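Source file start-v2.tsv; content: TSV, C-alpha atoms and all ligand atoms.
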```tsv
chain	number	residue	atom	x	y	z
A	1	MET	CA	13.91	15.02	48.11
A	2	GLY	CA	16.14	12.79	50.20
A	3	PHE	CA	16.97	13.00	53.89
A	4	ASN	CA	20.25	14.67	53.07
A	5	ASP	CA	18.44	17.57	51.41
A	6	LEU	CA	16.46	18.44	54.52
A	7	ASP	CA	17.51	20.98	57.07
A	8	PRO	CA	19.58	19.27	59.75
A	9	SER	CA	16.99	19.37	62.57
A	10	ALA	CA	14.23	17.96	60.38
A	11	GLN	CA	16.64	15.41	58.98
A	12	ALA	CA	17.55	14.27	62.46
A	13	LEU	CA	13.91	13.98	63.49
A	14	GLY	CA	13.00	12.24	60.27
A	15	GLU	CA	15.80	9.74	60.47
A	16	ALA	CA	15.14	9.07	64.13
A	17	ALA	CA	11.45	8.49	63.43
A	18	ALA	CA	12.21	6.33	60.45
A	19	LEU	CA	14.69	4.21	62.35
A	20	ALA	CA	12.32	3.90	65.32
A	21	ALA	CA	9.68	2.55	62.95
A	22	GLY	CA	12.13	0.12	61.40
A	23	TYR	CA	11.92	1.94	58.06
A	24	THR	CA	14.32	0.84	55.33
A	25	PRO	CA	16.72	3.62	54.32
A	26	GLY	CA	15.96	5.16	50.93
A	27	THR	CA	14.79	8.36	49.26
A	28	PHE	CA	11.52	9.83	50.44
A	29	GLU	CA	9.39	12.87	49.85
A	30	PHE	CA	9.12	15.12	52.85
A	31	PHE	CA	6.13	17.22	53.85
A	32	SER	CA	6.18	19.65	56.75
A	33	ALA	CA	4.07	22.42	58.18
A	34	ALA	CA	4.98	24.29	61.33
A	35	PHE	CA	6.14	21.58	63.74
A	36	ASP	CA	4.28	18.65	62.26
A	37	PHE	CA	5.51	16.51	59.45
A	38	ALA	CA	5.32	13.12	57.83
A	39	ILE	CA	7.43	11.23	55.37
A	40	THR	CA	5.96	9.09	52.68
A	41	ASN	CA	6.77	7.60	49.33
A	42	ASP	CA	3.18	6.54	48.69
A	43	PRO	CA	2.49	7.59	45.06
A	44	ALA	CA	-1.23	8.01	45.73
A	45	PHE	CA	-0.44	10.42	48.56
A	46	LEU	CA	2.14	12.31	46.50
A	47	GLU	CA	-0.04	12.57	43.40
A	48	GLY	CA	-2.32	15.38	44.50
A	49	ASN	CA	-0.14	16.80	47.30
A	50	THR	CA	2.55	19.15	46.16
A	51	GLU	CA	1.84	21.55	49.03
A	52	PRO	CA	3.14	20.98	52.55
A	53	GLN	CA	0.75	18.78	54.50
A	54	VAL	CA	-0.22	18.98	58.14
A	55	THR	CA	-0.38	15.50	59.60
A	56	ALA	CA	-0.11	13.87	62.95
A	57	PRO	CA	3.33	14.53	64.45
A	58	LEU	CA	5.96	12.02	63.37
A	59	SER	CA	3.49	9.81	61.53
A	60	ILE	CA	5.20	7.49	59.11
A	61	ILE	CA	3.32	5.96	56.22
A	62	ASP	CA	4.75	2.92	54.50
A	63	ASP	CA	2.42	1.97	51.66
A	64	ARG	CA	5.13	0.78	49.34
A	65	PRO	CA	3.95	-1.96	46.99
A	66	ASP	CA	4.98	-5.50	47.68
A	67	PRO	CA	8.34	-5.70	45.87
A	68	THR	CA	7.47	-9.20	44.63
A	69	THR	CA	4.62	-7.76	42.49
A	70	GLN	CA	5.40	-5.94	39.26
A	71	PHE	CA	3.15	-2.94	38.82
A	72	SER	CA	2.39	-1.07	35.63
A	73	SER	CA	1.55	2.58	35.12
A	74	ILE	CA	-0.30	4.77	32.65
A	75	GLN	CA	0.21	8.50	32.23
A	76	GLY	CA	-0.42	11.38	29.91
A	77	SER	CA	-1.75	14.89	29.85
A	78	VAL	CA	-4.82	16.88	28.89
A	79	PHE	CA	-4.23	19.96	26.77
A	80	ASP	CA	-6.19	22.96	25.57
A	81	ASP	CA	-6.32	22.40	21.81
A	82	PHE	CA	-6.94	26.08	21.16
A	83	ASN	CA	-6.87	25.82	17.36
A	84	GLY	CA	-8.74	22.48	17.34
A	85	ASN	CA	-6.24	20.69	15.10
A	86	SER	CA	-6.04	17.63	17.42
A	87	ILE	CA	-2.31	18.30	17.94
A	88	ARG	CA	-0.66	19.91	20.96
A	89	ASP	CA	1.06	22.96	19.46
A	90	ALA	CA	3.95	24.59	21.30
A	91	VAL	CA	1.85	27.43	22.71
A	92	GLU	CA	-1.00	25.22	23.91
A	93	ILE	CA	-1.21	24.70	27.66
A	94	GLY	CA	-2.27	21.84	29.92
A	95	LEU	CA	-5.78	21.70	31.34
A	96	ALA	CA	-6.07	21.20	35.09
A	97	GLY	CA	-8.99	19.60	36.90
A	98	VAL	CA	-9.99	17.17	34.16
A	99	THR	CA	-11.07	13.70	35.30
A	100	ILE	CA	-9.41	10.74	33.60
A	101	PHE	CA	-10.74	7.28	34.41
A	102	LEU	CA	-10.20	3.60	33.75
A	103	ASP	CA	-13.47	2.42	32.22
A	104	GLU	CA	-13.43	-1.10	33.59
A	105	ASN	CA	-16.92	-2.10	32.36
A	106	GLN	CA	-16.39	-0.33	29.00
A	107	ASN	CA	-19.67	1.60	29.18
A	108	GLY	CA	-18.14	5.01	28.49
A	109	GLN	CA	-18.96	6.32	31.96
A	110	LEU	CA	-17.19	6.68	35.28
A	111	ASP	CA	-18.89	4.24	37.63
A	112	PRO	CA	-18.43	3.65	41.36
A	113	GLY	CA	-15.36	1.50	41.93
A	114	GLU	CA	-13.57	2.62	38.76
A	115	GLN	CA	-10.21	4.33	39.26
A	116	SER	CA	-9.95	8.00	38.32
A	117	LYS	CA	-7.43	10.85	38.52
A	118	VAL	CA	-7.82	14.60	38.22
A	119	THR	CA	-5.21	16.40	36.13
A	120	LYS	CA	-2.80	18.68	37.95
A	121	SER	CA	-1.98	22.29	36.99
A	122	SER	CA	0.33	21.00	34.26
A	123	GLY	CA	-2.55	18.96	32.81
A	124	GLU	CA	-0.79	15.71	33.68
A	125	TYR	CA	-2.31	12.58	35.18
A	126	ARG	CA	-0.84	9.29	36.26
A	127	PHE	CA	-2.18	5.89	37.31
A	128	THR	CA	0.32	3.79	39.23
A	129	GLU	CA	0.41	0.33	40.80
A	130	LEU	CA	-1.81	-1.17	38.11
A	131	PRO	CA	-1.70	-4.91	37.57
A	132	GLY	CA	-1.02	-6.03	34.00
A	133	GLY	CA	-4.12	-6.25	31.81
A	134	THR	CA	-6.25	-4.39	29.30
A	135	TYR	CA	-7.53	-0.92	30.12
A	136	ASP	CA	-9.85	1.59	28.48
A	137	ILE	CA	-8.74	5.12	29.37
A	138	ARG	CA	-11.25	7.94	28.96
A	139	GLN	CA	-11.73	11.51	30.04
A	140	ILE	CA	-14.80	13.32	31.30
A	141	THR	CA	-14.83	16.17	28.80
A	142	PRO	CA	-14.77	19.39	30.81
A	143	SER	CA	-17.86	21.58	30.65
A	144	GLY	CA	-17.69	24.08	27.81
A	145	TYR	CA	-15.21	21.99	25.82
A	146	GLU	CA	-15.37	19.37	23.11
A	147	GLN	CA	-12.80	16.60	22.78
A	148	THR	CA	-10.53	16.92	19.73
A	149	TYR	CA	-8.07	14.12	20.54
A	150	PRO	CA	-8.03	11.15	20.40
A	151	PHE	CA	-10.84	11.41	17.87
A	152	SER	CA	-10.17	12.12	14.30
A	153	GLU	CA	-11.82	11.99	10.93
A	154	THR	CA	-8.66	10.20	9.79
A	155	PRO	CA	-9.10	6.71	11.24
A	156	THR	CA	-6.17	4.76	12.60
A	157	GLY	CA	-7.73	1.40	11.71
A	158	ASP	CA	-8.58	-0.29	8.42
A	159	GLY	CA	-12.27	-0.69	9.24
A	160	PHE	CA	-12.21	-4.43	9.99
A	161	ALA	CA	-13.21	-5.93	13.35
A	162	ASP	CA	-10.36	-6.48	15.80
A	163	GLN	CA	-11.57	-8.76	18.58
A	164	VAL	CA	-14.14	-11.50	19.19
A	165	LEU	CA	-16.02	-10.67	22.39
A	166	ASP	CA	-18.39	-13.62	22.40
A	167	TYR	CA	-19.33	-16.76	20.45
A	168	PHE	CA	-22.43	-18.86	21.09
A	169	ASP	CA	-23.03	-22.29	19.60
A	170	SER	CA	-26.76	-23.04	19.51
A	171	GLY	CA	-26.13	-26.67	18.61
A	172	ALA	CA	-28.35	-26.38	15.52
A	173	GLY	CA	-25.49	-27.23	13.18
A	174	PRO	CA	-24.51	-30.69	11.92
A	175	LYS	CA	-21.57	-30.75	14.34
A	176	PRO	CA	-20.45	-28.78	17.40
A	177	GLY	CA	-19.15	-25.29	16.57
A	178	PRO	CA	-17.07	-23.44	15.82
A	179	TYR	CA	-16.99	-24.82	12.31
A	180	GLY	CA	-16.97	-23.09	8.94
A	181	ILE	CA	-15.15	-22.70	5.65
A	182	ARG	CA	-11.40	-22.67	5.20
A	183	LYS	CA	-9.91	-22.13	1.75
A	184	GLY	CA	-12.86	-23.70	-0.04
A	185	GLU	CA	-13.33	-26.64	2.34
A	186	ALA	CA	-16.74	-26.58	4.02
A	187	GLU	CA	-17.88	-27.65	7.49
A	188	VAL	CA	-14.32	-27.80	8.81
A	189	ASP	CA	-13.21	-26.83	12.31
A	190	VAL	CA	-12.19	-23.18	12.49
A	191	THR	CA	-11.32	-20.75	15.27
A	192	VAL	CA	-13.78	-17.93	15.90
A	193	ASP	CA	-11.17	-15.29	15.05
A	194	VAL	CA	-11.46	-16.10	11.31
A	195	VAL	CA	-14.15	-13.37	11.32
A	196	LEU	CA	-11.50	-10.74	12.14
A	197	GLY	CA	-9.47	-8.78	9.63
A	198	ASN	CA	-9.98	-9.04	5.89
A	199	ASP	CA	-9.51	-12.66	4.83
A	200	PRO	CA	-12.34	-13.81	2.54
A	201	SER	CA	-10.96	-17.37	2.27
A	202	THR	CA	-12.05	-18.38	5.78
A	203	ALA	CA	-15.41	-18.01	7.49
A	204	LEU	CA	-17.28	-18.95	10.64
A	205	SER	CA	-20.65	-20.65	10.05
A	206	LEU	CA	-23.59	-19.54	12.19
A	207	PRO	CA	-26.48	-22.03	12.04
A	208	THR	CA	-29.86	-20.96	13.46
A	209	GLY	CA	-29.41	-19.24	16.82
A	210	SER	CA	-25.61	-19.33	16.85
A	211	SER	CA	-23.94	-15.94	17.21
A	212	VAL	CA	-20.64	-14.11	17.17
A	213	THR	CA	-19.97	-10.68	18.69
A	214	VAL	CA	-16.98	-8.62	17.55
A	215	SER	CA	-15.52	-5.29	18.63
A	216	PHE	CA	-13.58	-2.52	16.92
A	217	GLU	CA	-10.53	-1.06	18.64
A	218	ASP	CA	-8.62	1.18	16.25
A	219	GLU	CA	-11.74	2.63	14.66
A	220	VAL	CA	-15.40	3.23	15.43
A	221	ILE	CA	-18.19	3.13	12.85
A	222	VAL	CA	-20.42	6.17	12.51
A	223	ASN	CA	-23.45	6.94	10.41
A	224	GLY	CA	-21.65	8.26	7.35
A	225	PRO	CA	-23.03	8.95	3.88
A	226	GLY	CA	-24.83	5.90	2.46
A	227	ASP	CA	-24.13	2.39	3.76
A	228	ASP	CA	-21.88	2.08	6.81
A	229	ILE	CA	-21.31	-1.60	7.62
A	230	PHE	CA	-20.36	-4.48	5.36
A	231	ILE	CA	-20.78	-8.09	6.49
A	232	GLY	CA	-18.52	-10.28	4.36
A	233	GLU	CA	-19.94	-13.75	3.67
A	234	THR	CA	-18.41	-16.53	1.61
A	235	GLY	CA	-20.57	-18.58	-0.72
A	236	ALA	CA	-23.99	-17.39	-1.91
A	237	ALA	CA	-26.60	-19.86	-0.73
A	238	SER	CA	-28.98	-17.15	0.52
A	239	GLU	CA	-28.16	-17.79	4.15
A	240	LYS	CA	-29.40	-15.05	6.43
A	241	ALA	CA	-28.39	-13.52	9.73
A	242	GLU	CA	-29.51	-10.73	12.03
A	243	VAL	CA	-27.00	-7.92	12.49
A	244	TYR	CA	-27.03	-5.95	15.75
A	245	VAL	CA	-24.94	-2.88	16.63
A	246	SER	CA	-23.87	-1.44	19.99
A	247	SER	CA	-22.00	1.61	21.20
A	248	ASP	CA	-21.60	0.45	24.81
A	249	PHE	CA	-21.15	-3.35	24.45
A	250	THR	CA	-24.31	-3.80	26.52
A	251	THR	CA	-27.32	-2.66	24.53
A	252	PHE	CA	-27.59	-4.09	21.01
A	253	SER	CA	-29.97	-2.71	18.38
A	254	LEU	CA	-31.15	-4.73	15.39
A	255	LEU	CA	-29.76	-2.98	12.30
A	256	GLY	CA	-31.04	-5.38	9.66
A	257	ILE	CA	-30.72	-8.76	7.98
A	258	ALA	CA	-27.53	-9.79	6.24
A	259	ASP	CA	-28.35	-11.99	3.28
A	260	GLY	CA	-25.53	-13.87	1.60
A	261	GLY	CA	-27.50	-14.06	-1.62
A	262	ILE	CA	-28.49	-10.42	-2.00
A	263	THR	CA	-26.60	-7.77	-0.06
A	264	THR	CA	-24.71	-7.35	3.15
A	265	ARG	CA	-24.29	-3.56	3.13
A	266	LEU	CA	-26.19	-1.90	5.95
A	267	ASP	CA	-26.96	1.76	6.67
A	268	LEU	CA	-27.15	3.02	10.28
A	269	GLU	CA	-29.50	5.73	8.99
A	270	THR	CA	-32.28	3.14	8.58
A	271	ILE	CA	-32.56	2.78	12.37
A	272	ASP	CA	-31.48	6.36	13.13
A	273	PHE	CA	-28.42	5.05	15.01
A	274	ASN	CA	-26.11	8.02	15.56
A	275	GLU	CA	-23.83	6.77	18.33
A	276	PRO	CA	-20.41	5.42	17.34
A	277	VAL	CA	-20.63	1.64	16.80
A	278	ARG	CA	-17.99	-0.26	18.77
A	279	SER	CA	-19.44	-3.73	18.57
A	280	VAL	CA	-21.44	-5.84	16.08
A	281	LYS	CA	-23.33	-9.06	16.86
A	282	ILE	CA	-24.41	-11.48	14.13
A	283	VAL	CA	-27.03	-14.17	14.78
A	284	GLY	CA	-27.58	-16.98	12.27
A	285	LEU	CA	-31.14	-17.52	10.97
A	286	ASP	CA	-30.96	-20.78	8.99
A	287	ASN	CA	-29.02	-23.96	8.29
A	288	ARG	CA	-28.55	-23.58	4.55
A	289	GLY	CA	-25.42	-24.09	2.48
A	290	GLY	CA	-22.55	-26.56	2.26
A	291	SER	CA	-21.37	-25.35	5.65
A	292	PRO	CA	-24.79	-24.88	7.27
A	293	GLY	CA	-25.58	-21.38	8.50
A	294	PHE	CA	-24.54	-17.85	7.63
A	295	ASP	CA	-20.78	-17.89	6.89
A	296	VAL	CA	-19.15	-14.76	8.37
A	297	ALA	CA	-15.80	-13.95	6.73
A	298	SER	CA	-15.42	-10.33	7.87
A	299	VAL	CA	-17.16	-7.44	9.59
A	300	GLN	CA	-16.22	-4.05	8.21
A	301	GLY	CA	-16.94	-0.39	8.75
A	302	LEU	CA	-16.97	1.13	5.27
A	303	PRO	CA	-14.26	3.72	4.50
A	304	ASP	CA	-16.50	6.82	4.67
A	305	SER	CA	-18.05	5.65	7.95
A	306	ILE	CA	-15.04	5.05	10.19
A	307	ILE	CA	-13.23	7.45	12.48
A	308	SER	CA	-10.71	7.01	15.28
A	309	PRO	CA	-12.10	6.13	18.72
A	310	ASP	CA	-12.24	8.86	21.37
A	311	PHE	CA	-10.54	6.78	24.05
A	312	TYR	CA	-7.49	4.55	24.47
A	313	THR	CA	-7.47	0.79	24.79
A	314	VAL	CA	-4.11	-0.50	25.99
A	315	SER	CA	-2.66	-3.88	26.89
A	316	LEU	CA	-0.28	-3.44	29.79
A	317	GLN	CA	2.40	-6.02	30.54
A	318	PRO	CA	3.38	-6.42	34.22
A	319	GLY	CA	5.94	-3.72	35.02
A	320	GLU	CA	5.26	-1.76	31.82
A	321	SER	CA	4.85	2.02	31.85
A	322	LEU	CA	2.88	3.74	29.10
A	323	ASP	CA	2.99	7.49	28.63
A	324	SER	CA	1.71	10.10	26.19
A	325	LEU	CA	-1.89	8.91	26.45
A	326	ASN	CA	-3.00	12.49	25.87
A	327	PHE	CA	-6.40	14.12	25.48
A	328	GLY	CA	-7.10	17.40	23.64
A	329	ASN	CA	-10.10	19.69	24.17
A	330	ARG	CA	-11.18	22.93	22.59
A	331	LEU	CA	-13.45	25.56	24.03
A	332	VAL	CA	-16.98	25.91	22.68
A	333	VAL	CA	-19.45	28.54	23.83
A	334	ASP	CA	-23.18	28.03	23.38
A	335	GLY	CA	-22.49	25.36	20.80
A	336	PHE	CA	-20.22	27.59	18.70
A	337	LEU	CA	-16.51	27.03	18.43
A	338	VAL	CA	-14.42	29.89	19.80
A	401	CA	CA	-3.61	22.39	18.52
A	402	CA	CA	-17.54	2.50	33.32
A	403	CA	CA	-9.88	-2.59	13.11
A	404	CA	CA	-25.11	5.82	6.72
```
Starting from the file, lay out its structure as structure tokens.
Ligand SMILES: [Ca+2]
Ligand SMILES: [Ca+2]
Ligand SMILES: [Ca+2]
Ligand SMILES: [Ca+2]
Amino acid sequence: MGFNDLDPSAQALGEAAALAAGYTPGTFEFFSAAFDFAITNDPAFLEGNTEPQVTAPLSIIDDRPDPTTQFSSIQGSVFDDFNGNSIRDAVEIGLAGVTIFLDENQNGQLDPGEQSKVTKSSGEYRFTELPGGTYDIRQITPSGYEQTYPFSETPTGDGFADQVLDYFDSGAGPKPGPYGIRKGEAEVDVTVDVVLGNDPSTALSLPTGSSVTVSFEDEVIVNGPGDDIFIGETGAASEKAEVYVSSDFTTFSLLGIADGGITTRLDLETIDFNEPVRSVKIVGLDNRGGSPGFDVASVQGLPDSIISPDFYTVSLQPGESLDSLNFGNRLVVDGFLV
């Protein structure tokens, strides 16, 4: 609503107040109740306030962002996936009152200091004035519901690790790391990201105590039938490494020993690990081979053990706006689907 849309007396008061405060002319939302009113274009104020607000008389709030900073935004909606098909069908309505949060420490929970929004009656939510960067967006699944989207038996990823979270060089190798194997050449300098994707011709060597930690972004690994995780190693000099798994990037559980000479298929069932695996850490156990240490070429969730993640990870450029980051939920009662 602009000043020109207001009734003339309110418009006069509003303009007078705005001018008195040195406010720059523009378009503003207007809230009034009885004889008190305020004008504001503060998105945080507008977000949850569609009803007229009672405020101090003639108070003017100018919380506009510094125009020299480019802010980004994220928005979407939460819907009642009545038929549980993970798609918002035409008749399915938005869910109000659902908390959506930016999981800054990636632990899957809303912690103090993390930004959150509650969906409006339309089911929509919106985060504004975000600096560019990477964000994990999650919902708190409403009581009585289970999340159906994003989360699907049909994974969006190919099963291979997507990002290196950490690399540690113990110094036990013949030269400073990272070194490894590239197209048959051993003990050559490599970048740590050779462990990502599915390229068996390059590998990162992990001598005793050296480690690499990777994460999965377009899939998570679950305890499926049989083996679940494949650690690709090049060469077969019986080098060994410990393999740890984590669902929250914080607590890592020892899943087993990868052995380049025997097998590198591992089953989450053996340690009764039933949380979705989002991160794998590999720690070298020896200095064997032409490129000393366990030579990691790839880290893979096997095809029957990967599903889509139940949250969004986005990379926001300054000034970018992302929408359609939607969440679906379907009603369950006493553990049974309705
Ligand atoms: Ca549906
Ligand atoms: Ca958190
Ligand atoms: Ca992947
Ligand atoms: Ca399994």
Report as an mmCIF file with C-alpha atoms, in the coordinates of the input all protein, DNA and RNA residues lying within 9 Å of region 130-146 of chain A, evaluated on only C-alpha atoms, omitting residues in the same chain fewer than 4 positions from it.
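Contents of the output file out14.cif:
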```
data_model
loop_
_atom_site.group_PDB
_atom_site.id
_atom_site.type_symbol
_atom_site.label_atom_id
_atom_site.label_comp_id
_atom_site.auth_asym_id
_atom_site.auth_seq_id
_atom_site.Cartn_x
_atom_site.Cartn_y
_atom_site.Cartn_z
ATOM 1 C CA THR A 69 4.620 -7.760 42.490
ATOM 2 C CA GLN A 70 5.400 -5.940 39.260
ATOM 3 C CA PHE A 71 3.150 -2.940 38.820
ATOM 4 C CA SER A 72 2.390 -1.070 35.630
ATOM 5 C CA SER A 73 1.550 2.580 35.120
ATOM 6 C CA ILE A 74 -0.300 4.770 32.650
ATOM 7 C CA VAL A 78 -4.820 16.880 28.890
ATOM 8 C CA GLY A 97 -8.990 19.600 36.900
ATOM 9 C CA VAL A 98 -9.990 17.170 34.160
ATOM 10 C CA THR A 99 -11.070 13.700 35.300
ATOM 11 C CA ILE A 100 -9.410 10.740 33.600
ATOM 12 C CA PHE A 101 -10.740 7.280 34.410
ATOM 13 C CA LEU A 102 -10.200 3.600 33.750
ATOM 14 C CA ASP A 103 -13.470 2.420 32.220
ATOM 15 C CA GLU A 104 -13.430 -1.100 33.590
ATOM 16 C CA ASN A 105 -16.920 -2.100 32.360
ATOM 17 C CA GLN A 106 -16.390 -0.330 29.000
ATOM 18 C CA GLY A 108 -18.140 5.010 28.490
ATOM 19 C CA GLN A 109 -18.960 6.320 31.960
ATOM 20 C CA LEU A 110 -17.190 6.680 35.280
ATOM 21 C CA ASP A 310 -12.240 8.860 21.370
ATOM 22 C CA PHE A 311 -10.540 6.780 24.050
ATOM 23 C CA TYR A 312 -7.490 4.550 24.470
ATOM 24 C CA THR A 313 -7.470 0.790 24.790
ATOM 25 C CA VAL A 314 -4.110 -0.500 25.990
ATOM 26 C CA SER A 315 -2.660 -3.880 26.890
ATOM 27 C CA LEU A 316 -0.280 -3.440 29.790
ATOM 28 C CA GLN A 317 2.400 -6.020 30.540
ATOM 29 C CA PRO A 318 3.380 -6.420 34.220
ATOM 30 C CA GLY A 319 5.940 -3.720 35.020
ATOM 31 C CA GLU A 320 5.260 -1.760 31.820
ATOM 32 C CA LEU A 325 -1.890 8.910 26.450
ATOM 33 C CA PHE A 327 -6.400 14.120 25.480
ATOM 34 C CA GLY A 328 -7.100 17.400 23.640
ATOM 35 C CA ASN A 329 -10.100 19.690 24.170
ATOM 36 C CA ARG A 330 -11.180 22.930 22.590
ATOM 37 C CA LEU A 331 -13.450 25.560 24.030
ATOM 38 C CA VAL A 332 -16.980 25.910 22.680
ATOM 39 C CA VAL A 333 -19.450 28.540 23.830
ATOM 40 C CA ASP A 334 -23.180 28.030 23.380
ATOM 41 C CA GLY A 335 -22.490 25.360 20.800
#
```
Env. residues ligand CA 401 (chain A) / 6 Å / all atoms listed in the file / as a ChimeraX atom specification: /A:81-89
Using all atoms listed in the file, find each residue with an atom at most 7 Å away from ligand CA 404 (chain A) and format the answer as a PyMOL selection string. chain A and resi 223-228+267-269
re CA of Gly159 (chain A) and CA of Gly301 (chain A): distance 4.7 Å
Once you count only C-alpha atoms and all ligand atoms, which residues end up within 7 Å of ligand CA 403 (chain A), and could you hand them over as a PyMOL selection string? chain A and resi 157-162+216-219
